[in-house]
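*Asks:* Enclosed is the structure file work-v4.txt (compact mmCIF, C-alpha atoms).
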# COMPACT_ATOMS: atom_id res chain seq x y z
CA MET H 19 80.19 87.11 29.57
CA LEU H 20 78.63 84.04 28.02
CA GLY H 21 79.96 82.31 24.95
CA THR H 22 78.20 79.68 22.88
CA VAL H 23 76.32 77.52 25.39
CA LEU H 24 73.97 75.69 23.02
CA THR H 25 74.10 75.33 19.27
CA THR H 26 70.79 73.96 17.95
CA ALA H 27 67.15 74.89 18.15
CA ALA H 28 66.48 71.23 18.92
CA THR H 29 68.23 71.72 22.25
CA VAL H 30 65.87 74.58 22.98
CA ALA H 31 62.88 72.36 22.34
CA GLY H 32 64.33 69.54 24.39
CA ALA H 33 64.86 71.80 27.37
CA LEU H 34 61.16 72.58 27.52
CA ALA H 35 59.00 69.84 28.98
CA VAL H 36 56.40 69.65 26.20
CA PRO H 37 56.44 66.21 24.55
CA GLY H 38 56.12 65.01 20.99
CA ALA H 39 54.00 66.53 18.25
CA GLY H 40 52.24 68.79 20.71
CA LEU H 41 55.40 70.85 21.07
CA PHE H 42 54.83 73.01 18.01
CA GLY H 43 51.10 73.40 18.64
CA HIS H 44 51.85 74.56 22.16
CA ARG H 45 54.47 76.95 20.81
CA ALA H 46 52.08 78.44 18.24
CA LEU H 47 49.42 79.03 20.89
CA ARG H 48 51.79 80.63 23.35
CA ARG H 49 53.43 82.81 20.69
CA SER H 50 50.01 84.06 19.60
CA GLY H 51 49.14 85.01 23.15
CA ASN H 52 52.49 86.69 23.64
CA ALA H 53 52.04 88.69 20.45
CA ALA H 54 48.79 90.06 21.86
CA LEU H 55 50.52 90.98 25.12
CA MET H 56 53.28 92.76 23.20
CA ARG H 57 50.86 94.97 21.30
CA ILE H 58 51.23 98.72 21.97
CA ASP H 59 47.97 100.62 21.42
CA SER H 60 48.54 103.78 23.47
CA PRO H 61 48.11 107.01 21.48
CA ASP H 62 51.59 108.27 22.35
CA GLY H 63 53.29 104.89 22.04
CA ILE H 64 55.86 103.69 19.57
CA ASP H 65 56.54 100.23 18.12
CA GLU H 66 59.09 100.28 15.33
CA GLN H 67 61.07 97.16 14.49
CA GLY H 68 63.16 96.68 11.42
CA PHE H 69 66.52 97.15 9.77
CA VAL H 70 68.55 100.36 9.96
CA ARG H 71 71.76 101.12 8.08
CA ILE H 72 74.40 101.07 10.82
CA GLY H 73 78.12 100.90 10.14
CA GLY H 74 77.55 100.20 6.47
CA ILE H 75 75.27 97.15 6.88
CA GLU H 76 71.61 96.51 7.67
CA GLN H 77 71.19 95.95 11.43
CA TRP H 78 68.01 95.10 13.34
CA VAL H 79 66.78 97.81 15.72
CA SER H 80 63.61 97.82 17.84
CA VAL H 81 62.13 100.97 19.42
CA ARG H 82 59.20 100.29 21.77
CA GLY H 83 57.39 102.15 24.52
CA GLU H 84 53.94 103.26 25.59
CA ASP H 85 54.75 106.96 25.85
CA ARG H 86 57.35 108.75 23.73
CA SER H 87 57.85 111.28 26.50
CA ASN H 88 59.32 108.60 28.78
CA PRO H 89 63.11 108.35 29.21
CA VAL H 90 64.89 106.41 26.48
CA VAL H 91 66.97 103.33 27.30
CA VAL H 92 69.44 101.94 24.76
CA GLU H 93 70.47 98.34 25.43
CA VAL H 94 73.80 96.74 24.55
CA HIS H 95 73.37 92.97 24.69
CA GLY H 96 75.80 90.27 25.74
CA GLY H 97 77.22 87.10 24.32
CA PRO H 98 78.96 88.09 22.16
CA GLY H 99 76.14 87.29 19.79
CA ALA H 100 73.42 86.72 22.42
CA THR H 101 70.79 89.28 21.51
CA ASN H 102 68.11 90.57 23.89
CA SER H 103 65.38 90.65 21.25
CA PRO H 104 63.74 87.36 22.40
CA TYR H 105 63.01 88.76 25.88
CA GLY H 106 60.38 91.33 24.98
CA ILE H 107 57.55 89.52 26.73
CA ARG H 108 59.52 89.25 29.99
CA THR H 109 60.38 92.96 29.96
CA ARG H 110 57.03 94.18 28.66
CA SER H 111 56.37 96.16 31.87
CA TRP H 112 59.55 98.21 31.33
CA GLU H 113 57.92 99.77 28.27
CA ARG H 114 55.28 101.47 30.42
CA HIS H 115 57.97 103.64 32.00
CA PHE H 116 60.76 103.77 29.40
CA THR H 117 61.17 103.65 25.64
CA ILE H 118 63.40 100.63 25.07
CA VAL H 119 65.78 100.55 22.11
CA ARG H 120 67.07 97.04 21.38
CA TRP H 121 69.67 96.25 18.77
CA ASP H 122 70.96 92.97 17.34
CA MET H 123 74.67 93.63 16.86
CA ARG H 124 76.48 92.72 13.66
CA GLY H 125 77.12 89.00 13.84
CA ALA H 126 74.07 88.42 16.05
CA GLY H 127 70.42 87.48 15.78
CA LYS H 128 68.35 89.06 13.06
CA THR H 129 71.29 91.15 11.86
CA PHE H 130 73.27 87.96 11.28
CA GLY H 131 70.25 86.37 9.61
CA ARG H 132 69.86 89.35 7.28
CA GLY H 133 73.33 89.24 5.76
CA GLY H 134 74.68 85.84 6.72
CA PRO H 135 78.33 85.39 7.66
CA GLU H 136 79.51 87.03 4.43
CA GLY H 137 77.40 90.16 5.02
CA GLN H 138 78.60 91.18 8.47
CA GLY H 139 81.56 93.21 7.30
CA GLU H 140 84.35 93.87 9.77
CA THR H 141 83.54 91.99 13.00
CA THR H 142 85.82 93.33 15.71
CA PHE H 143 85.29 94.88 19.12
CA GLU H 144 86.30 98.28 17.73
CA ARG H 145 83.78 98.08 14.88
CA LEU H 146 80.94 97.04 17.22
CA TYR H 147 81.84 99.88 19.56
CA GLU H 148 81.43 102.37 16.70
CA ASP H 149 78.14 100.67 15.78
CA ALA H 150 76.91 101.21 19.36
CA LEU H 151 77.65 104.90 19.09
CA GLU H 152 75.79 105.06 15.78
CA VAL H 153 72.78 103.24 17.25
CA THR H 154 72.78 105.68 20.17
CA ARG H 155 72.81 108.69 17.86
CA HIS H 156 70.08 107.10 15.74
CA ALA H 157 67.92 106.66 18.86
CA CYS H 158 68.51 110.26 19.97
CA GLU H 159 67.58 111.61 16.54
CA ARG H 160 64.57 109.34 16.07
CA LEU H 161 63.11 110.12 19.51
CA GLY H 162 64.17 113.75 19.76
CA VAL H 163 66.29 113.46 22.89
CA ALA H 164 69.74 114.70 23.72
CA ARG H 165 70.84 111.76 25.87
CA VAL H 166 69.71 108.23 26.72
CA VAL H 167 70.18 105.77 29.56
CA LEU H 168 72.78 103.16 28.60
CA LEU H 169 71.77 99.68 29.80
CA ALA H 170 74.39 97.00 29.18
CA ASN H 171 74.40 93.36 30.19
CA SER H 172 77.07 90.63 30.30
CA PHE H 173 79.58 91.00 27.43
CA GLY H 174 77.73 94.18 26.48
CA THR H 175 79.09 95.81 29.63
CA THR H 176 82.56 95.60 28.08
CA PHE H 177 81.28 98.13 25.56
CA GLY H 178 79.13 99.89 28.15
CA LEU H 179 81.90 100.98 30.50
CA ARG H 180 83.89 102.43 27.62
CA LEU H 181 80.90 104.16 26.05
CA ALA H 182 79.76 105.72 29.33
CA ARG H 183 83.27 106.86 30.24
CA ALA H 184 84.05 108.40 26.85
CA HIS H 185 80.66 109.88 25.87
CA PRO H 186 78.85 111.58 28.76
CA GLU H 187 77.29 113.89 26.16
CA LEU H 188 75.25 110.94 24.86
CA TYR H 189 74.35 109.09 28.06
CA SER H 190 72.35 110.35 31.03
CA ALA H 191 73.27 107.31 33.16
CA TYR H 192 75.03 103.97 32.96
CA VAL H 193 73.30 100.80 34.19
CA GLY H 194 75.28 97.56 34.15
CA THR H 195 73.89 94.13 34.95
CA ASP H 196 75.75 90.82 34.76
CA GLN H 197 78.63 93.28 34.89
CA ASN H 198 81.80 91.98 33.27
CA VAL H 199 84.97 93.52 34.73
CA HIS H 200 88.28 92.96 32.99
CA ASP H 201 91.40 93.14 35.15
CA ALA H 202 94.18 91.91 32.84
CA GLY H 203 94.10 88.46 34.42
CA ARG H 204 94.78 89.43 38.05
CA ASP H 205 91.60 87.93 39.57
CA THR H 206 91.51 84.15 39.19
CA GLY H 207 88.69 83.53 41.68
CA GLY H 208 86.14 82.50 39.06
CA HIS H 209 88.48 79.88 37.63
CA ARG H 210 89.18 78.43 41.09
CA ALA H 211 85.47 78.37 41.95
CA LEU H 212 84.62 76.47 38.76
CA LEU H 213 87.32 73.89 39.47
CA GLU H 214 85.91 73.41 42.97
CA ARG H 215 82.34 72.91 41.67
CA LEU H 216 83.46 70.42 39.03
CA ARG H 217 85.60 68.42 41.44
CA ALA H 218 82.87 68.39 44.09
CA ALA H 219 80.48 66.97 41.48
CA GLY H 220 82.96 64.25 40.50
CA ARG H 221 83.44 65.69 37.01
CA THR H 222 87.14 65.00 36.92
CA LYS H 223 87.51 65.09 33.13
CA ASP H 224 85.85 68.52 32.90
CA ALA H 225 87.97 69.74 35.80
CA ALA H 226 91.10 68.57 33.99
CA VAL H 227 90.05 70.53 30.89
CA VAL H 228 89.56 73.71 32.93
CA ALA H 229 92.80 73.20 34.84
CA ALA H 230 94.70 72.76 31.57
CA MET H 231 93.40 76.12 30.33
CA GLY H 232 95.05 77.87 33.25
CA PRO H 233 93.52 80.84 35.08
CA ASP H 234 94.70 83.57 32.70
CA ARG H 235 91.86 84.29 30.25
CA ARG H 236 94.23 86.31 28.09
CA ARG H 237 95.85 83.09 26.94
CA TRP H 238 92.62 81.27 26.05
CA THR H 239 91.44 80.70 22.51
CA ALA H 240 87.90 81.62 21.50
CA ARG H 241 87.02 77.91 21.65
CA GLN H 242 88.40 77.64 25.19
CA ARG H 243 86.39 80.67 26.29
CA ALA H 244 83.21 79.11 24.92
CA ALA H 245 84.00 75.79 26.65
CA TYR H 246 84.69 77.55 29.94
CA ASP H 247 81.40 79.48 29.81
CA LYS H 248 79.47 76.32 28.97
CA LEU H 249 80.99 74.42 31.91
CA CYS H 250 80.49 77.40 34.19
CA THR H 251 76.79 77.49 33.34
CA ALA H 252 76.21 73.76 33.59
CA SER H 253 78.06 73.44 36.92
CA ASP H 254 75.81 75.86 38.81
CA PRO H 255 72.17 74.81 39.44
CA LEU H 256 70.80 78.36 39.63
CA THR H 257 72.52 79.45 36.42
CA LEU H 258 71.41 76.31 34.59
CA ASP H 259 67.84 76.74 35.82
CA THR H 260 67.81 80.32 34.51
CA LEU H 261 69.22 79.20 31.17
CA LYS H 262 66.49 76.62 30.72
CA LYS H 263 63.47 78.50 32.06
CA VAL H 264 64.28 82.11 31.22
CA VAL H 265 66.68 82.15 28.28
CA LEU H 266 65.53 79.13 26.30
CA GLY H 267 61.91 79.55 27.31
CA SER H 268 61.88 83.14 26.09
CA MET H 269 63.51 82.23 22.82
CA TRP H 270 61.13 79.37 22.12
CA LEU H 271 58.02 81.43 22.84
CA SER H 272 59.10 84.77 21.39
CA PRO H 273 56.47 86.08 18.95
CA LEU H 274 59.25 87.82 17.02
CA HIS H 275 61.32 84.73 16.32
CA SER H 276 60.63 82.00 13.79
CA LEU H 277 62.48 78.70 13.86
CA ARG H 278 64.82 80.16 11.25
CA ASP H 279 65.47 83.14 13.55
CA LEU H 280 66.35 80.73 16.36
CA ARG H 281 68.76 78.94 14.06
CA ASP H 282 70.35 82.29 13.18
CA PHE H 283 70.62 83.13 16.88
CA PHE H 284 72.81 80.10 17.56
CA ARG H 285 74.77 80.46 14.34
CA GLY H 286 75.40 84.09 15.22
CA GLN H 287 76.73 83.16 18.64
CA SER H 288 79.25 80.79 17.11
CA PHE H 289 80.20 83.39 14.49
CA SER H 290 80.66 86.09 17.16
CA GLU H 291 83.21 84.12 19.19
CA ARG H 292 85.86 85.84 17.07
CA ILE H 293 85.23 89.12 18.94
CA THR H 294 86.40 88.03 22.40
CA PRO H 295 90.15 87.59 21.77
CA GLY H 296 90.38 91.33 21.11
CA THR H 297 89.26 92.07 24.67
CA ALA H 298 91.47 89.60 26.54
CA GLY H 299 94.00 92.20 27.69
CA PHE H 300 91.49 94.84 28.76
CA ASP H 301 91.91 96.36 32.23
CA ASP H 302 88.91 98.33 33.43
CA TRP H 303 90.70 99.71 36.48
CA ALA H 304 93.60 100.95 34.36
CA ASP H 305 91.20 102.51 31.85
CA GLY H 306 89.72 104.63 34.62
CA THR H 307 87.10 104.55 37.37
CA VAL H 308 85.90 108.15 37.00
CA PHE H 309 82.55 108.58 35.24
CA GLU H 310 80.79 111.87 34.53
CA VAL H 311 77.34 110.23 34.50
CA PRO H 312 75.31 108.50 37.25
CA PHE H 313 76.63 104.95 37.57
CA PHE H 314 74.61 101.89 38.65
CA LEU H 315 75.35 98.18 38.90
CA PHE H 316 72.46 95.74 39.53
CA GLN H 317 73.97 92.28 39.90
CA GLY H 318 72.72 88.79 40.65
CA ASP H 319 73.78 87.87 44.16
CA SER H 320 75.18 84.52 42.97
CA ASP H 321 76.58 85.25 39.51
CA VAL H 322 79.25 82.66 38.63
CA ILE H 323 79.82 83.81 35.03
CA THR H 324 80.56 87.47 35.78
CA PRO H 325 81.42 87.13 39.48
CA THR H 326 79.47 89.40 41.79
CA GLU H 327 82.38 90.24 44.07
CA ARG H 328 84.52 91.49 41.20
CA ALA H 329 81.68 93.75 40.07
CA ARG H 330 81.29 95.06 43.63
CA ALA H 331 85.03 95.71 43.93
CA PHE H 332 85.01 97.77 40.74
CA PHE H 333 81.91 99.66 41.84
CA GLU H 334 83.55 100.63 45.14
CA ASP H 335 86.36 102.32 43.21
CA VAL H 336 84.05 104.23 40.87
CA GLU H 337 83.68 107.98 41.23
CA ALA H 338 80.46 109.35 39.72
CA PRO H 339 77.97 112.18 40.39
CA VAL H 340 75.57 109.55 41.75
CA LYS H 341 76.19 105.84 42.08
CA GLY H 342 74.24 102.83 43.31
CA PHE H 343 74.76 99.11 43.68
CA ALA H 344 72.10 96.44 44.19
CA LEU H 345 72.15 92.70 44.66
CA ILE H 346 69.22 90.87 43.13
CA GLU H 347 68.54 87.83 45.27
CA ASP H 348 67.93 84.35 43.87
CA ALA H 349 69.79 85.34 40.72
CA SER H 350 72.98 84.33 39.00
CA HIS H 351 73.62 85.47 35.43
CA TRP H 352 70.66 86.98 33.49
CA ALA H 353 69.52 88.57 36.78
CA ALA H 354 67.43 91.28 35.09
CA LEU H 355 65.57 88.65 33.06
CA ARG H 356 65.03 86.21 35.91
CA HIS H 357 63.47 88.99 38.01
CA PRO H 358 62.34 91.68 35.52
CA GLU H 359 59.92 93.35 37.96
CA VAL H 360 62.63 93.69 40.59
CA PHE H 361 64.93 95.15 37.96
CA LEU H 362 62.23 97.60 36.92
CA ASP H 363 61.84 98.71 40.54
CA LEU H 364 65.56 99.39 40.65
CA LEU H 365 65.33 101.47 37.49
CA LEU H 366 62.44 103.47 38.93
CA THR H 367 63.83 103.97 42.44
CA HIS H 368 67.52 104.43 41.66
CA VAL H 369 68.02 105.46 38.04
CA LEU H 370 64.94 107.54 37.26
CA PRO H 371 65.47 110.04 40.11
CA ALA H 372 69.09 110.49 39.02
CA ILE H 373 68.10 111.52 35.49
CA THR H 374 64.94 113.50 36.36
CA PRO H 375 64.99 117.15 37.50
CA PRO H 376 63.96 117.34 41.19
CA ALA H 377 60.66 119.07 40.45
CA GLN H 378 59.65 116.22 38.13
CA ALA H 379 61.00 113.26 40.09
CA PRO H 380 58.26 110.74 41.04
CA ALA H 381 57.79 109.57 44.59
CA GLN H 382 60.00 106.57 45.24
CA ALA H 383 58.54 103.22 46.23
CA PRO H 384 60.56 100.51 47.95
CA ALA H 385 61.92 97.82 45.65
CA GLN H 386 60.07 94.53 45.76
CA ALA H 387 61.75 91.47 47.23
CA PRO H 388 63.92 89.64 46.41
CA VAL H 389 66.48 92.48 46.34
CA THR H 390 69.14 94.00 48.53
CA ALA H 391 69.72 97.56 47.36
CA LEU H 392 72.62 99.79 48.35
CA ALA H 393 73.08 103.36 47.15
CA PRO H 394 76.13 104.79 48.95
CA PRO H 395 77.21 108.38 48.26
CA PRO H 396 80.12 108.94 45.89
CA ALA H 397 83.49 108.29 47.50
CA PRO H 398 87.07 108.81 46.35
CA ALA H 399 88.49 105.89 44.41
CA SER H 400 90.55 103.58 46.59
CA ALA H 401 94.14 102.91 45.73
CA ARG H 402 94.70 99.89 43.56
CA PRO H 403 97.98 98.39 42.32
CA ALA H 404 98.97 99.26 38.80
CA ALA H 405 98.24 96.73 36.09
CA THR H 406 100.90 94.09 35.67
CA ALA H 407 99.88 92.87 32.22
Let me see the file written as structure tokens.

*Replies:*
Amino acid sequence: MLGTVLTTAATVAGALAVPGAGLFGHRALRRSGNAALMRIDSPDGIDEQGFVRIGGIEQWVSVRGEDRSNPVVVEVHGGPGATNSPYGIRTRSWERHFTIVRWDMRGAGKTFGRGGPEGQGETTFERLYEDALEVTRHACERLGVARVVLLANSFGTTFGLRLARAHPELYSAYVGTDQNVHDAGRDTGGHRALLERLRAAGRTKDAAVVAAMGPDRRRWTARQRAAYDKLCTASDPLTLDTLKKVVLGSMWLSPLHSLRDLRDFFRGQSFSERITPGTAGFDDWADGTVFEVPFFLFQGDSDVITPTERARAFFEDVEAPVKGFALIEDASHWAALRHPEVFLDLLLTHVLPAITPPAQAPAQAPAQAPVTALAPPPAPASARPAATA
């Protein structure tokens, strides 16, 4: 999960090494080229982007793919408030094999820009969960399918686990990346690791701030969560590199996002901080580790924001018809966006066979490096102590 890391579009520009007045000319040129690359001209393709009435307000939904007969993937983005809509050019190759449905949640991105803070209506975890169900049903109806693949990342996986567990009639598989696992405060490893990184770097004041928060996220305010995520990102070179080159670079060069859209992105992230307190006491183990749909986690091998080992521990306890776990090498948070072709290979070699009847399943090709893929058979859930919250 990543809170508000940056707050102005000027920071985005500053993070990109293009000096002076040439910055905006360079941006215009690159955005024009990216718009051409994003164009879908195939006769059976679909490219629909606009506002749909979801949960009583206008929310931005994108439906894109080169062949409507391909499997449908519905994304639930992270943050809260950090939409996936700027990453279309990085994930363009996914649309050759899947129809991708992207949605800017209420309080985020273009949806936030449409109505402003006064037009978001109820902004709670429960309301966004219901919105996700409505978006899923909209996608099924629009594309004429009974079920879709649910792809959730970062804070979106907090919704994803609950959606996949409760609604197997809507989802053909669950795919989590940057998987966030709530455990009612039992695992304090991430907090300890951040303190160690800050102290090793001589950042004693920042370390004191983190130490004063304490390890129990349930007791943090929304502001403290945002501060923790910011320090966590800045303290890890790989995560910070991905933020600058992948996240900010994609936002700055997105053909779908004007400077006003970028402003709304950051404003929406700040606005959406109010959602996280409602999830502080969640316990994913207590809620259940049995899923009726194929279950996959594809995690960065060095994720410091949603720690990899916690995601692996949860995965090992999951019971599902089919399940698979993969580590994406040279990746922290935003693993799917740092290595989109590797992630696509994982979708094609792990997920697609699990949702395709055997007679139609394509021949599998080995995933490209850098990736370590594991797909163990389903196993009984291991015993785990009851929640102590």

*Asks:* Between H:Pro375, H:Gly73, H:Gly194, H:Gly99, which is the closest to Gly178 in chain H once you count only C-alpha atoms?

*Replies:*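 Looking only at the distances to Gly178 in chain H, the closest residue turns out to be H:Gly194.
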
*Asks:* For His275 in chain H, which of H:Pro104, H:His357, H:Ile58, H:Asp85 is the closest residue, counting only C-alpha atoms?

*Replies:*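 Looking at the shortest contact to His275 in chain H, the residue is H:Pro104.
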
*Asks:* Distance CA of Glu140 in chain H-CA of Val166 in chain H, one decimal place?

*Replies:*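 The value is 26.6 Å.
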
*Asks:* May I have the residues within 6 Å of Arg82 in chain H as a ChimeraX atom specification, using all atoms listed in the file and disregarding those fewer than 3 positions away in the same chain?

*Replies:* /H:64-65,117-118

*Asks:* One decimal, Å: what's the distance from CA of Arg278 in chain H over to CA of Lys128 in chain H, could you say?

*Replies:*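 Computed distance, CA of Arg278 in chain H to CA of Lys128 in chain H, equals 9.7 Å.
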
*Asks:* Report, in Å with one decimal, the straight-line distance from CA of Asp196 in chain H to CA of Ala225 in chain H.

*Replies:*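 Taking CA of Asp196 in chain H as the start and CA of Ala225 in chain H as the end point, the length is 24.4 Å.
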
*Asks:* For Thr206 in chain H, which residue among H:Pro325, H:Pro255, H:Pro89, H:Gly286 is the nearest when counting all atoms listed in the file?

*Replies:*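 When distances to Thr206 in chain H are compared using all atoms listed in the file, the smallest one comes from H:Pro325.
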
*Asks:* Show which residues sit within 8 Å of Thr109 in chain H, as a VMD selection string. Count only C-alpha atoms, and ignore same-chain residues fewer than 4 positions away.

*Replies:* chain H and resid 105 113 355 358

*Asks:* Using only C-alpha atoms, which residue out of H:Gly232, H:Gly139, H:Gly208, H:Pro61 lies closest to Ile323 in chain H?

*Replies:*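 Of H:Gly232, H:Gly139, H:Gly208, H:Pro61, the one nearest Ile323 in chain H, counting only C-alpha atoms, is H:Gly208.
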
*Asks:* Which is closest to Gly342 in chain H among H:Phe300, H:Asp259, H:Arg204, H:Ala191, if we use only C-alpha atoms?

*Replies:*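 Going through H:Phe300, H:Asp259, H:Arg204, H:Ala191 one by one, the smallest distance to Gly342 in chain H is for H:Ala191.
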